[in-house]
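Novice: Below is the file target07.cif, with mmCIF, C-alpha atoms.
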```cif
data_target
loop_
_atom_site.label_atom_id
_atom_site.label_comp_id
_atom_site.auth_asym_id
_atom_site.auth_seq_id
_atom_site.Cartn_x
_atom_site.Cartn_y
_atom_site.Cartn_z
CA MET A 247 -56.20 4.45 156.76
CA PRO A 248 -55.72 1.61 154.38
CA ASN A 249 -55.53 -1.88 155.69
CA LEU A 250 -52.07 -3.33 155.62
CA PRO A 251 -51.21 -6.90 155.95
CA ILE A 252 -50.66 -7.91 159.46
CA SER A 253 -47.31 -9.27 158.90
CA LEU A 254 -46.21 -6.03 157.54
CA THR A 255 -47.90 -4.33 160.28
CA ILE A 256 -46.22 -6.56 162.71
CA ILE A 257 -42.82 -6.07 160.99
CA LEU A 258 -43.37 -2.41 160.94
CA GLY A 259 -44.45 -2.61 164.54
CA ILE A 260 -41.46 -4.64 165.49
CA SER A 261 -39.12 -2.44 163.49
CA THR A 262 -40.62 0.57 165.10
CA ALA A 263 -40.25 -1.02 168.46
CA VAL A 264 -36.63 -1.95 167.71
CA ALA A 265 -35.90 1.46 166.37
CA SER A 266 -37.49 2.94 169.45
CA LEU A 267 -35.50 0.73 171.63
CA LEU A 268 -32.33 1.54 169.74
CA TYR A 269 -33.18 5.14 169.99
CA ILE A 270 -33.81 4.94 173.63
CA ARG A 271 -30.70 3.02 174.16
CA GLU A 272 -28.80 5.50 172.16
CA TYR A 273 -30.48 8.21 174.02
CA PHE A 274 -29.54 6.81 177.30
CA LEU A 275 -26.13 5.96 176.12
CA ARG A 276 -25.64 9.44 174.93
CA LYS A 277 -27.15 10.79 178.10
CA LYS A 278 -24.90 8.65 180.07
CA ASP A 279 -21.98 9.76 178.02
CA TYR A 280 -23.08 13.30 178.44
CA GLN A 281 -23.38 12.81 182.14
CA GLU A 282 -20.07 11.17 182.22
CA GLN A 283 -18.74 13.94 180.14
CA GLN A 284 -20.35 16.43 182.48
CA THR A 285 -18.88 14.62 185.39
CA VAL A 286 -15.55 14.54 183.74
CA MET A 287 -16.02 18.11 182.78
CA LEU A 288 -16.93 18.94 186.27
CA GLN A 289 -14.08 17.02 187.61
CA THR A 290 -11.91 18.57 185.07
CA ARG A 291 -13.27 21.96 185.97
CA GLN A 292 -12.78 21.22 189.58
CA LYS A 293 -9.38 19.97 188.93
CA SER A 294 -8.81 22.95 186.80
CA ASN A 295 -10.06 25.20 189.51
CA GLN A 296 -7.96 23.35 191.97
CA LEU A 297 -5.13 23.61 189.69
CA LEU A 298 -5.93 27.20 189.05
CA ALA A 299 -6.23 27.81 192.74
CA ALA A 300 -3.08 25.96 193.30
CA ALA A 301 -1.56 27.84 190.47
CA GLN A 302 -2.86 31.05 191.87
CA MET A 303 -1.58 30.07 195.22
CA ALA A 304 1.58 29.05 193.66
CA GLU A 305 1.54 32.21 191.70
CA THR A 306 0.80 34.09 194.80
CA GLU A 307 3.48 32.26 196.58
CA ILE A 308 5.72 32.68 193.71
CA ILE A 309 4.80 36.28 193.44
CA SER A 310 5.12 36.75 197.13
CA GLU A 311 8.26 34.81 197.08
CA GLY A 312 9.28 36.74 194.03
CA ASN A 313 8.41 39.97 195.69
CA TYR A 314 10.28 38.93 198.71
CA ALA A 315 13.10 37.78 196.66
CA THR A 316 12.84 40.86 194.63
CA GLN A 317 12.67 42.94 197.71
CA LYS A 318 15.46 40.98 199.15
CA LEU A 319 17.31 41.28 195.97
CA LEU A 320 16.47 44.89 195.86
CA ASN A 321 17.59 45.28 199.41
CA GLU A 322 20.65 43.29 198.71
CA PHE A 323 21.08 45.13 195.50
CA LYS A 324 20.54 48.34 197.33
CA LEU A 325 22.94 47.33 200.00
CA LYS A 326 25.33 46.09 197.47
CA LEU A 327 24.73 49.11 195.38
CA GLU A 328 25.23 51.28 198.40
CA ASP A 329 28.24 49.27 199.26
CA LEU A 330 29.26 49.50 195.72
CA ILE A 331 28.51 53.18 195.63
CA GLU A 332 30.28 53.62 198.89
CA THR A 333 33.07 51.49 197.68
CA ASP A 334 33.00 53.29 194.40
CA GLN A 335 32.81 56.58 196.20
CA LYS A 336 35.73 55.51 198.26
CA SER A 337 37.36 54.21 195.19
CA ILE A 338 36.47 57.35 193.35
CA ALA A 339 37.63 59.38 196.29
CA SER A 340 40.71 57.24 196.47
CA ALA A 341 41.06 57.43 192.74
CA GLN A 342 40.42 61.11 192.97
CA ASP A 343 42.96 61.35 195.74
CA GLN A 344 45.26 59.24 193.74
CA LEU A 345 44.42 61.32 190.72
CA PHE A 346 45.05 64.47 192.71
CA LYS A 347 48.16 62.93 194.11
CA PHE A 348 49.07 61.78 190.65
CA MET A 349 48.29 65.22 189.33
CA ASP A 350 50.26 66.74 192.17
CA SER A 351 52.95 64.26 191.48
CA ILE A 352 52.71 65.09 187.81
CA GLN A 353 52.69 68.74 188.67
CA LYS A 354 55.66 68.25 190.94
CA ARG A 355 57.31 66.14 188.34
CA SER A 356 56.38 68.69 185.77
CA VAL A 357 57.83 71.41 187.97
CA GLU A 358 60.82 69.23 188.67
CA PHE A 359 61.05 68.32 185.04
CA GLU A 360 60.62 71.94 184.13
CA GLU A 361 63.22 72.88 186.69
CA ALA A 362 65.48 70.08 185.55
CA SER A 363 64.79 70.96 181.98
CA LYS A 364 65.43 74.59 182.76
CA GLN A 365 68.61 73.68 184.58
CA ALA A 366 69.60 71.28 181.82
CA THR A 367 68.77 73.89 179.24
CA GLU A 368 70.67 76.51 181.19
CA LYS A 369 73.51 74.06 181.63
CA ARG A 370 73.45 73.22 177.95
CA ILE A 371 73.18 76.89 177.07
CA ASN A 372 76.03 77.64 179.43
CA GLU A 373 78.00 74.75 178.02
CA THR A 374 77.13 75.89 174.53
CA PHE A 375 78.17 79.40 175.42
CA GLU A 376 81.33 78.08 177.03
CA ARG A 377 82.02 75.95 173.98
CA LEU A 378 81.16 78.87 171.76
CA GLU A 379 83.34 81.10 173.87
CA THR A 380 86.14 78.54 173.79
CA LYS A 381 85.73 78.01 170.08
CA LEU A 382 85.44 81.72 169.50
CA SER A 383 88.51 82.26 171.64
CA ASP A 384 90.34 79.48 169.80
CA PHE A 385 89.12 80.87 166.52
CA LEU A 386 90.21 84.35 167.49
CA ILE A 387 93.55 83.02 168.69
CA GLN A 388 93.96 80.99 165.53
CA THR A 389 92.82 83.91 163.44
CA GLY A 390 95.19 86.12 165.35
CA GLN A 391 97.97 83.62 164.90
CA LYS A 392 97.11 83.20 161.25
CA THR A 393 96.88 86.94 160.83
CA THR A 394 100.14 87.39 162.67
CA ALA A 395 101.72 84.63 160.62
CA SER A 396 100.26 86.13 157.47
CA ILE A 397 101.50 89.59 158.43
CA GLU A 398 104.86 88.15 159.36
CA LEU A 399 104.97 86.33 156.05
CA GLU A 400 103.92 89.48 154.29
CA LEU A 401 106.51 91.45 156.22
CA LYS A 402 109.09 88.81 155.46
CA ALA A 403 108.15 88.94 151.79
CA VAL A 404 108.26 92.74 151.86
CA ARG A 405 111.58 92.69 153.71
CA GLN A 406 112.84 90.15 151.22
CA LEU A 407 111.56 92.32 148.40
CA ILE A 408 113.20 95.35 149.94
CA GLU A 409 116.37 93.35 150.50
CA THR A 410 116.25 92.13 146.92
CA TYR A 411 115.63 95.65 145.71
CA LYS A 412 118.37 96.93 147.98
CA ASN A 413 120.73 94.23 146.79
CA GLN A 414 119.82 94.98 143.21
CA GLN A 415 120.38 98.67 143.81
CA LEU A 416 123.60 97.95 145.64
CA LYS A 417 124.61 95.62 142.86
CA LEU A 418 123.88 98.40 140.41
CA ILE A 419 125.86 100.73 142.61
CA ASP A 420 128.60 98.10 142.88
CA GLU A 421 128.64 97.75 139.16
CA ASN A 422 128.50 101.41 138.38
CA ILE A 423 130.00 103.28 141.29
CA ILE A 424 133.56 102.46 140.36
CA ALA A 425 132.84 103.41 136.79
CA MET A 426 131.25 106.63 138.05
CA MET A 427 134.21 107.27 140.29
CA GLU A 428 136.57 106.51 137.47
CA GLN A 429 134.71 108.82 135.16
CA THR A 430 134.52 111.52 137.83
CA LEU A 431 138.17 111.19 138.71
CA ASN A 432 139.06 111.12 135.06
CA LEU A 433 137.18 114.33 134.43
CA VAL A 434 138.47 116.02 137.58
CA LEU A 435 142.05 114.79 137.56
CA ALA A 436 142.54 115.38 133.87
CA LYS A 437 141.89 119.04 134.51
CA LYS A 438 143.39 119.36 137.96
CA LEU A 439 146.53 117.24 137.77
CA SER A 440 149.62 119.08 136.69
CA LEU A 441 152.09 117.51 134.31
CA LYS A 442 154.46 117.01 137.20
CA ASP A 443 151.79 115.16 139.13
CA GLN A 444 150.98 113.11 136.05
CA LEU A 445 154.66 112.25 135.62
CA ASP A 446 155.03 111.41 139.31
CA LEU A 447 152.16 108.96 138.97
CA VAL A 448 153.76 107.49 135.86
CA TYR A 449 157.03 107.07 137.75
CA GLU A 450 155.13 105.42 140.54
CA SER A 451 153.58 103.00 138.04
CA LEU A 452 156.99 102.23 136.56
CA GLU A 453 158.52 101.67 139.98
CA LYS A 454 155.75 99.34 140.86
CA ALA A 455 156.24 97.42 137.63
CA LYS A 456 159.94 97.20 138.39
CA LYS A 457 159.25 96.12 141.96
CA GLU A 458 157.00 93.39 140.68
CA LYS A 459 159.76 92.50 138.21
CA PHE A 460 157.37 92.97 135.33
CA ILE A 461 160.07 95.01 133.65
CA THR A 462 163.76 94.77 134.49
CA MET B 75 173.38 103.62 116.80
CA ASP B 76 174.00 104.76 120.36
CA TYR B 77 174.37 108.29 119.05
CA ILE B 78 170.91 108.10 117.68
CA LEU B 79 169.43 106.38 120.70
CA ASN B 80 170.90 108.98 122.96
CA ASN B 81 168.14 111.39 123.82
CA THR B 82 165.71 109.28 121.80
CA TYR B 83 163.10 107.54 123.88
CA SER B 84 160.23 106.56 121.68
CA ILE B 85 159.98 104.42 118.61
CA THR B 86 158.34 107.32 116.81
CA GLN B 87 161.23 109.62 117.63
CA LEU B 88 163.71 106.96 116.60
CA LYS B 89 162.06 106.32 113.26
CA HIS B 90 161.74 110.03 112.66
CA LYS B 91 165.42 110.63 113.40
CA LEU B 92 166.46 107.73 111.23
CA SER B 93 164.28 109.11 108.47
CA ILE B 94 165.89 112.57 108.87
CA LEU B 95 169.34 111.11 108.93
CA LYS B 96 168.65 108.92 105.94
CA SER B 97 167.22 111.83 103.95
CA TYR B 98 170.15 113.98 104.92
CA LEU B 99 172.74 111.36 103.93
CA LEU B 100 170.98 110.43 100.71
CA GLN B 101 170.78 114.09 99.78
CA THR B 102 174.43 114.42 100.67
CA PHE B 103 175.53 111.38 98.66
CA PHE B 104 173.12 111.43 95.78
CA GLY B 105 171.86 114.99 95.63
CA GLY B 106 168.31 116.04 95.35
CA PRO B 107 166.09 118.47 97.12
CA GLN B 108 167.01 119.49 100.62
CA PRO B 109 164.51 118.14 103.09
CA ALA B 110 162.70 120.73 105.18
CA LEU B 111 164.05 120.50 108.74
CA ASN B 112 162.78 122.03 111.89
CA PRO B 113 165.20 123.37 114.49
CA LYS B 114 165.04 120.21 116.53
CA ASP B 115 165.93 118.07 113.53
CA GLU B 116 168.75 120.39 112.67
CA ALA B 117 169.99 120.28 116.24
CA PHE B 118 169.82 116.50 116.11
CA LEU B 119 171.89 116.37 112.94
CA LYS B 120 174.40 118.86 114.28
CA ALA B 121 174.75 116.94 117.49
CA LEU B 122 175.86 113.80 115.66
CA PRO B 123 179.61 113.36 115.87
CA GLU B 124 181.71 113.51 112.73
CA SER B 125 183.06 110.03 113.29
CA PHE B 126 179.55 108.64 113.20
CA LEU B 127 178.72 110.36 109.96
CA LYS B 128 181.99 109.33 108.33
CA GLN B 129 181.09 105.67 108.41
CA PHE B 130 178.44 106.34 105.79
CA ASN B 131 179.17 106.64 102.11
CA ALA B 132 177.27 106.24 98.88
CA GLY B 133 178.08 102.59 98.72
CA ASN B 134 177.04 101.44 102.19
CA VAL B 135 174.38 103.90 103.16
CA TYR B 136 171.52 101.63 102.29
CA LYS B 137 173.19 98.63 103.85
CA LEU B 138 173.99 100.42 107.09
CA PHE B 139 170.47 101.78 107.32
CA LYS B 140 169.12 98.32 106.71
CA GLU B 141 171.28 97.06 109.57
CA MET B 142 170.16 99.88 111.80
CA GLU B 143 166.53 99.20 111.00
CA ASP B 144 167.07 95.56 111.84
CA GLN B 145 168.65 96.60 115.13
CA ILE B 146 165.75 98.90 115.82
CA ASN B 147 163.30 96.10 115.14
CA LYS B 148 165.18 93.98 117.62
CA LEU B 149 165.12 96.61 120.33
CA PRO B 150 162.78 95.75 123.19
CA VAL B 151 159.79 98.03 123.00
CA LEU B 152 157.93 98.96 126.13
CA ILE B 153 154.45 100.10 125.27
CA ILE B 154 153.37 102.67 127.80
CA TYR B 155 149.78 103.83 128.02
CA LEU B 156 149.47 107.34 129.34
CA THR B 157 146.59 109.59 130.23
CA PHE B 158 148.07 112.63 128.57
CA GLU B 159 149.57 113.49 125.27
CA THR B 160 153.33 113.52 125.62
CA ASP B 161 155.64 116.12 124.22
CA ASP B 162 159.39 115.72 123.80
CA GLU B 163 160.09 117.08 127.23
CA SER B 164 157.71 114.84 129.13
CA LEU B 165 158.74 111.87 127.01
CA ALA B 166 162.36 112.62 127.80
CA GLN B 167 161.62 112.70 131.49
CA ILE B 168 159.84 109.37 131.36
CA GLY B 169 162.52 107.86 129.12
CA GLN B 170 165.31 109.05 131.38
CA PHE B 171 163.56 107.68 134.40
CA ILE B 172 163.21 104.31 132.71
CA ARG B 173 166.78 104.20 131.51
CA LYS B 174 167.96 105.19 134.96
CA ASN B 175 165.94 102.52 136.71
CA LEU B 176 166.03 99.67 134.21
CA SER B 177 169.08 97.68 133.33
CA SER B 178 168.21 96.86 129.72
CA PRO B 179 167.76 99.60 127.13
CA VAL B 180 164.23 99.89 125.99
CA ILE B 181 162.47 102.07 123.53
CA LEU B 182 159.06 103.39 124.35
CA ASP B 183 155.91 103.22 122.33
CA THR B 184 153.52 105.69 123.92
CA LYS B 185 149.80 105.34 123.58
CA TYR B 186 147.08 107.61 124.85
CA ASP B 187 144.40 106.09 127.10
CA PRO B 188 142.44 108.65 129.11
CA GLY B 189 140.47 105.84 130.78
CA LEU B 190 143.43 105.10 132.99
CA ILE B 191 142.67 108.31 134.94
CA ALA B 192 146.27 108.77 136.03
CA GLY B 193 149.50 106.83 136.13
CA ALA B 194 150.41 104.35 133.43
CA ALA B 195 149.71 100.91 132.07
CA LEU B 196 152.47 98.86 130.47
CA ALA B 197 152.68 96.21 127.81
CA TRP B 198 155.95 94.31 127.89
CA LYS B 199 156.77 91.29 125.76
CA GLY B 200 153.17 90.84 124.87
CA VAL B 201 151.88 91.08 128.46
CA TYR B 202 149.69 93.96 129.53
CA ARG B 203 149.60 95.22 133.10
CA ASP B 204 147.73 98.16 134.41
CA TYR B 205 149.46 100.22 137.08
CA SER B 206 147.25 103.23 136.68
CA LEU B 207 144.86 104.81 139.13
CA ARG B 208 142.06 102.85 137.46
CA ALA B 209 143.76 99.60 138.43
CA LYS B 210 144.26 100.88 141.97
CA LEU B 211 140.59 101.73 142.14
CA GLU B 212 139.78 98.27 140.87
CA GLU B 213 142.06 96.77 143.52
CA LYS B 214 140.45 98.82 146.23
CA LYS B 215 136.96 98.31 144.83
CA GLY B 216 135.90 96.16 147.76
CA GLU B 217 137.05 98.64 150.34
CA ILE B 218 135.55 101.57 148.46
CA LEU B 219 132.26 99.76 148.03
CA GLY B 220 132.34 98.82 151.69
CA SER B 221 132.74 102.47 152.62
CA PHE B 222 129.95 103.44 150.29
CA LYS B 223 127.69 100.69 151.61
CA ARG B 224 128.36 101.75 155.18
CA PHE B 225 127.45 105.23 154.16
CA LEU B 226 124.33 104.06 152.25
CA ARG B 227 123.08 101.69 154.94
#
```
Taking this structure as input, can you express it in the form of structure tokens?
Specialist:
Amino acid sequence: MPNLPISLTIILGISTAVASLLYIREYFLRKKDYQEQQTVMLQTRQKSNQLLAAAQMAETEIISEGNYATQKLLNEFKLKLEDLIETDQKSIASAQDQLFKFMDSIQKRSVEFEEASKQATEKRINETFERLETKLSDFLIQTGQKTTASIELELKAVRQLIETYKNQQLKLIDENIIAMMEQTLNLVLAKKLSLKDQLDLVYESLEKAKKEKFIT
Amino acid sequence: MDYILNNTYSITQLKHKLSILKSYLLQTFFGGPQPALNPKDEAFLKALPESFLKQFNAGNVYKLFKEMEDQINKLPVLIIYLTFETDDESLAQIGQFIRKNLSSPVILDTKYDPGLIAGAALAWKGVYRDYSLRAKLEEKKGEILGSFKRFLR
């Protein structure tokens, strides 16, 4: 080992001593901090455990309470559900009854409606038939009347035609019968009348003319 | 004139007799051919009295005939329509009947109308009246037709 100045050795010694002191101090400080930290950690852990225990207890309580509540709720729910089911069953039964009643009612109404409808239909059919019968009767009567009137008119026309024909024939007879008679008499009398008869008729004519003062 | 009108009833007979008489007198007074006469004409001439014939001579014969013709034209003529042809006999019967029953002398003008059937129609002074059987039928036409219609209906 070389010889170093004393001063330096002293400085180095002092520095080393200071550094050792600082180191120790730091060491202790850190140790202390570590211990404090450990303590805190312990406390914290304890607290945590406590808290955890409390939490567990609380959890347990909560769970137990929850279970209870749940059970209670379940019971209540069950009861309520039973009630509800019972009520619903009753309701359903009631509804079913009502439904049955309603269906019966509907059926009755349907029957009634059907009956009423049937009666109404029958009534309407009857009325329709009556109307039809009345109308048919009226129509037949009218047709009969019209036919009768038509026949009467036709008969009247025929009678009129016959009358016209008859009158025409009679008129022809009127117009010609005298001429026919005259011609017939002329033919017959000219051959059958004697001169004396002819003269007698001439005298008769002359006497008539005298009587009428046609000749004097 | 009355000598001629006696037994003369129609205008035809009268004109015929006048014509015969005229021919006879003219032949007597002036000569000429003798007219052919039938027995009736001869009887007519013979029936005329001498006094009637003596009034005629050659100088007045035409004048007297003219006067007679004028008288004839003035005679009332009764036209009688008959249904038969008359002969002298039937005409005489009718004429006599008329002269017997009528006051005024009339001369007949006969016409034939067979349409009268029987009896006679007369025309006097321009008026015609039918007194025949045809007129009677016409008068009774309604009744006859009525009878016929009753029979027809």
Novice: Taking all atoms listed in the file into account, report as an NGL selection string which residues of chain A lie within 10 Å of chain B.
Specialist: :A and (412 or 416 or 419-421 or 423-425 or 427-436 or 439 or 441-456 or 460-462)
Novice: At a cut-off of 12 Å, using all atoms listed in the file, what residues contact range 106-122 of chain B? Leave out same-chain residues fewer than 3 positions from it and give the result as an NGL selection string.
Specialist: :B and (75-82 or 87-88 or 90-103 or 125-128 or 162)
Novice: Mind giving me the straight-line distance from CA of Lys369 in chain A to CA of Leu386 in chain A in Å, one decimal?
Specialist: 24.2 Å
Novice: If you count all atoms listed in the file, which residues fall within 9 Å of range 146-148 of chain B, apart from same-chain ones fewer than 3 positions away, as a ChimeraX atom specification?
Specialist: /B:85,88-89,141-143,151,181
Novice: What is the CA of Arg405 in chain A-CA of Gln391 in chain A distance in Å, reported with one decimal?
Specialist: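 Distance reported for this atom pair: 19.8 Å.
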Novice: Could I get range 322-344 of chain A rebuilt with N, CA and C atoms, written as a PDB file, in the frame of the given file?
Specialist:
```pdb
ATOM      1  N   GLU A 322      19.242  43.691 198.887  1.00  0.00           N
ATOM      2  CA  GLU A 322      20.650  43.290 198.710  1.00  0.00           C
ATOM      3  C   GLU A 322      21.344  44.162 197.650  1.00  0.00           C
ATOM      4  N   PHE A 323      20.538  44.308 196.577  1.00  0.00           N
ATOM      5  CA  PHE A 323      21.080  45.130 195.500  1.00  0.00           C
ATOM      6  C   PHE A 323      21.370  46.551 195.962  1.00  0.00           C
ATOM      7  N   LYS A 324      20.359  46.998 196.800  1.00  0.00           N
ATOM      8  CA  LYS A 324      20.540  48.340 197.330  1.00  0.00           C
ATOM      9  C   LYS A 324      21.762  48.421 198.217  1.00  0.00           C
ATOM     10  N   LEU A 325      21.782  47.348 199.114  1.00  0.00           N
ATOM     11  CA  LEU A 325      22.940  47.330 200.000  1.00  0.00           C
ATOM     12  C   LEU A 325      24.227  47.242 199.198  1.00  0.00           C
ATOM     13  N   LYS A 326      24.120  46.271 198.271  1.00  0.00           N
ATOM     14  CA  LYS A 326      25.330  46.090 197.470  1.00  0.00           C
ATOM     15  C   LYS A 326      25.644  47.335 196.671  1.00  0.00           C
ATOM     16  N   LEU A 327      24.527  47.894 196.173  1.00  0.00           N
ATOM     17  CA  LEU A 327      24.730  49.110 195.380  1.00  0.00           C
ATOM     18  C   LEU A 327      25.298  50.228 196.248  1.00  0.00           C
ATOM     19  N   GLU A 328      24.708  50.274 197.484  1.00  0.00           N
ATOM     20  CA  GLU A 328      25.230  51.280 198.400  1.00  0.00           C
ATOM     21  C   GLU A 328      26.705  51.012 198.732  1.00  0.00           C
ATOM     22  N   ASP A 329      26.840  49.645 199.018  1.00  0.00           N
ATOM     23  CA  ASP A 329      28.240  49.270 199.260  1.00  0.00           C
ATOM     24  C   ASP A 329      29.113  49.638 198.067  1.00  0.00           C
ATOM     25  N   LEU A 330      28.492  49.247 196.950  1.00  0.00           N
ATOM     26  CA  LEU A 330      29.260  49.500 195.720  1.00  0.00           C
ATOM     27  C   LEU A 330      29.497  50.997 195.515  1.00  0.00           C
ATOM     28  N   ILE A 331      28.369  51.725 195.777  1.00  0.00           N
ATOM     29  CA  ILE A 331      28.510  53.180 195.630  1.00  0.00           C
ATOM     30  C   ILE A 331      29.513  53.727 196.623  1.00  0.00           C
ATOM     31  N   GLU A 332      29.341  53.163 197.866  1.00  0.00           N
ATOM     32  CA  GLU A 332      30.280  53.620 198.890  1.00  0.00           C
ATOM     33  C   GLU A 332      31.709  53.251 198.509  1.00  0.00           C
ATOM     34  N   THR A 333      31.747  51.957 198.108  1.00  0.00           N
ATOM     35  CA  THR A 333      33.070  51.490 197.680  1.00  0.00           C
ATOM     36  C   THR A 333      33.571  52.327 196.498  1.00  0.00           C
ATOM     37  N   ASP A 334      32.621  52.502 195.587  1.00  0.00           N
ATOM     38  CA  ASP A 334      33.000  53.290 194.400  1.00  0.00           C
ATOM     39  C   ASP A 334      33.358  54.716 194.788  1.00  0.00           C
ATOM     40  N   GLN A 335      32.501  55.215 195.755  1.00  0.00           N
ATOM     41  CA  GLN A 335      32.810  56.580 196.200  1.00  0.00           C
ATOM     42  C   GLN A 335      34.197  56.645 196.821  1.00  0.00           C
ATOM     43  N   LYS A 336      34.396  55.565 197.655  1.00  0.00           N
ATOM     44  CA  LYS A 336      35.730  55.510 198.260  1.00  0.00           C
ATOM     45  C   LYS A 336      36.789  55.358 197.177  1.00  0.00           C
ATOM     46  N   SER A 337      36.403  54.436 196.283  1.00  0.00           N
ATOM     47  CA  SER A 337      37.360  54.210 195.190  1.00  0.00           C
ATOM     48  C   SER A 337      37.563  55.468 194.381  1.00  0.00           C
ATOM     49  N   ILE A 338      36.378  56.094 194.138  1.00  0.00           N
ATOM     50  CA  ILE A 338      36.470  57.350 193.350  1.00  0.00           C
ATOM     51  C   ILE A 338      37.264  58.388 194.121  1.00  0.00           C
ATOM     52  N   ALA A 339      36.891  58.408 195.466  1.00  0.00           N
ATOM     53  CA  ALA A 339      37.630  59.380 196.290  1.00  0.00           C
ATOM     54  C   ALA A 339      39.112  59.029 196.298  1.00  0.00           C
ATOM     55  N   SER A 340      39.316  57.690 196.493  1.00  0.00           N
ATOM     56  CA  SER A 340      40.710  57.240 196.470  1.00  0.00           C
ATOM     57  C   SER A 340      41.362  57.544 195.140  1.00  0.00           C
ATOM     58  N   ALA A 341      40.521  57.176 194.105  1.00  0.00           N
ATOM     59  CA  ALA A 341      41.060  57.430 192.740  1.00  0.00           C
ATOM     60  C   ALA A 341      41.272  58.918 192.535  1.00  0.00           C
ATOM     61  N   GLN A 342      40.277  59.649 193.104  1.00  0.00           N
ATOM     62  CA  GLN A 342      40.420  61.110 192.970  1.00  0.00           C
ATOM     63  C   GLN A 342      41.663  61.592 193.713  1.00  0.00           C
ATOM     64  N   ASP A 343      41.757  60.993 194.985  1.00  0.00           N
ATOM     65  CA  ASP A 343      42.960  61.350 195.740  1.00  0.00           C
ATOM     66  C   ASP A 343      44.202  60.975 194.963  1.00  0.00           C
ATOM     67  N   GLN A 344      44.097  59.708 194.501  1.00  0.00           N
ATOM     68  CA  GLN A 344      45.260  59.240 193.740  1.00  0.00           C
ATOM     69  C   GLN A 344      45.490  60.120 192.513  1.00  0.00           C
TER      70      GLN A 344
END
```
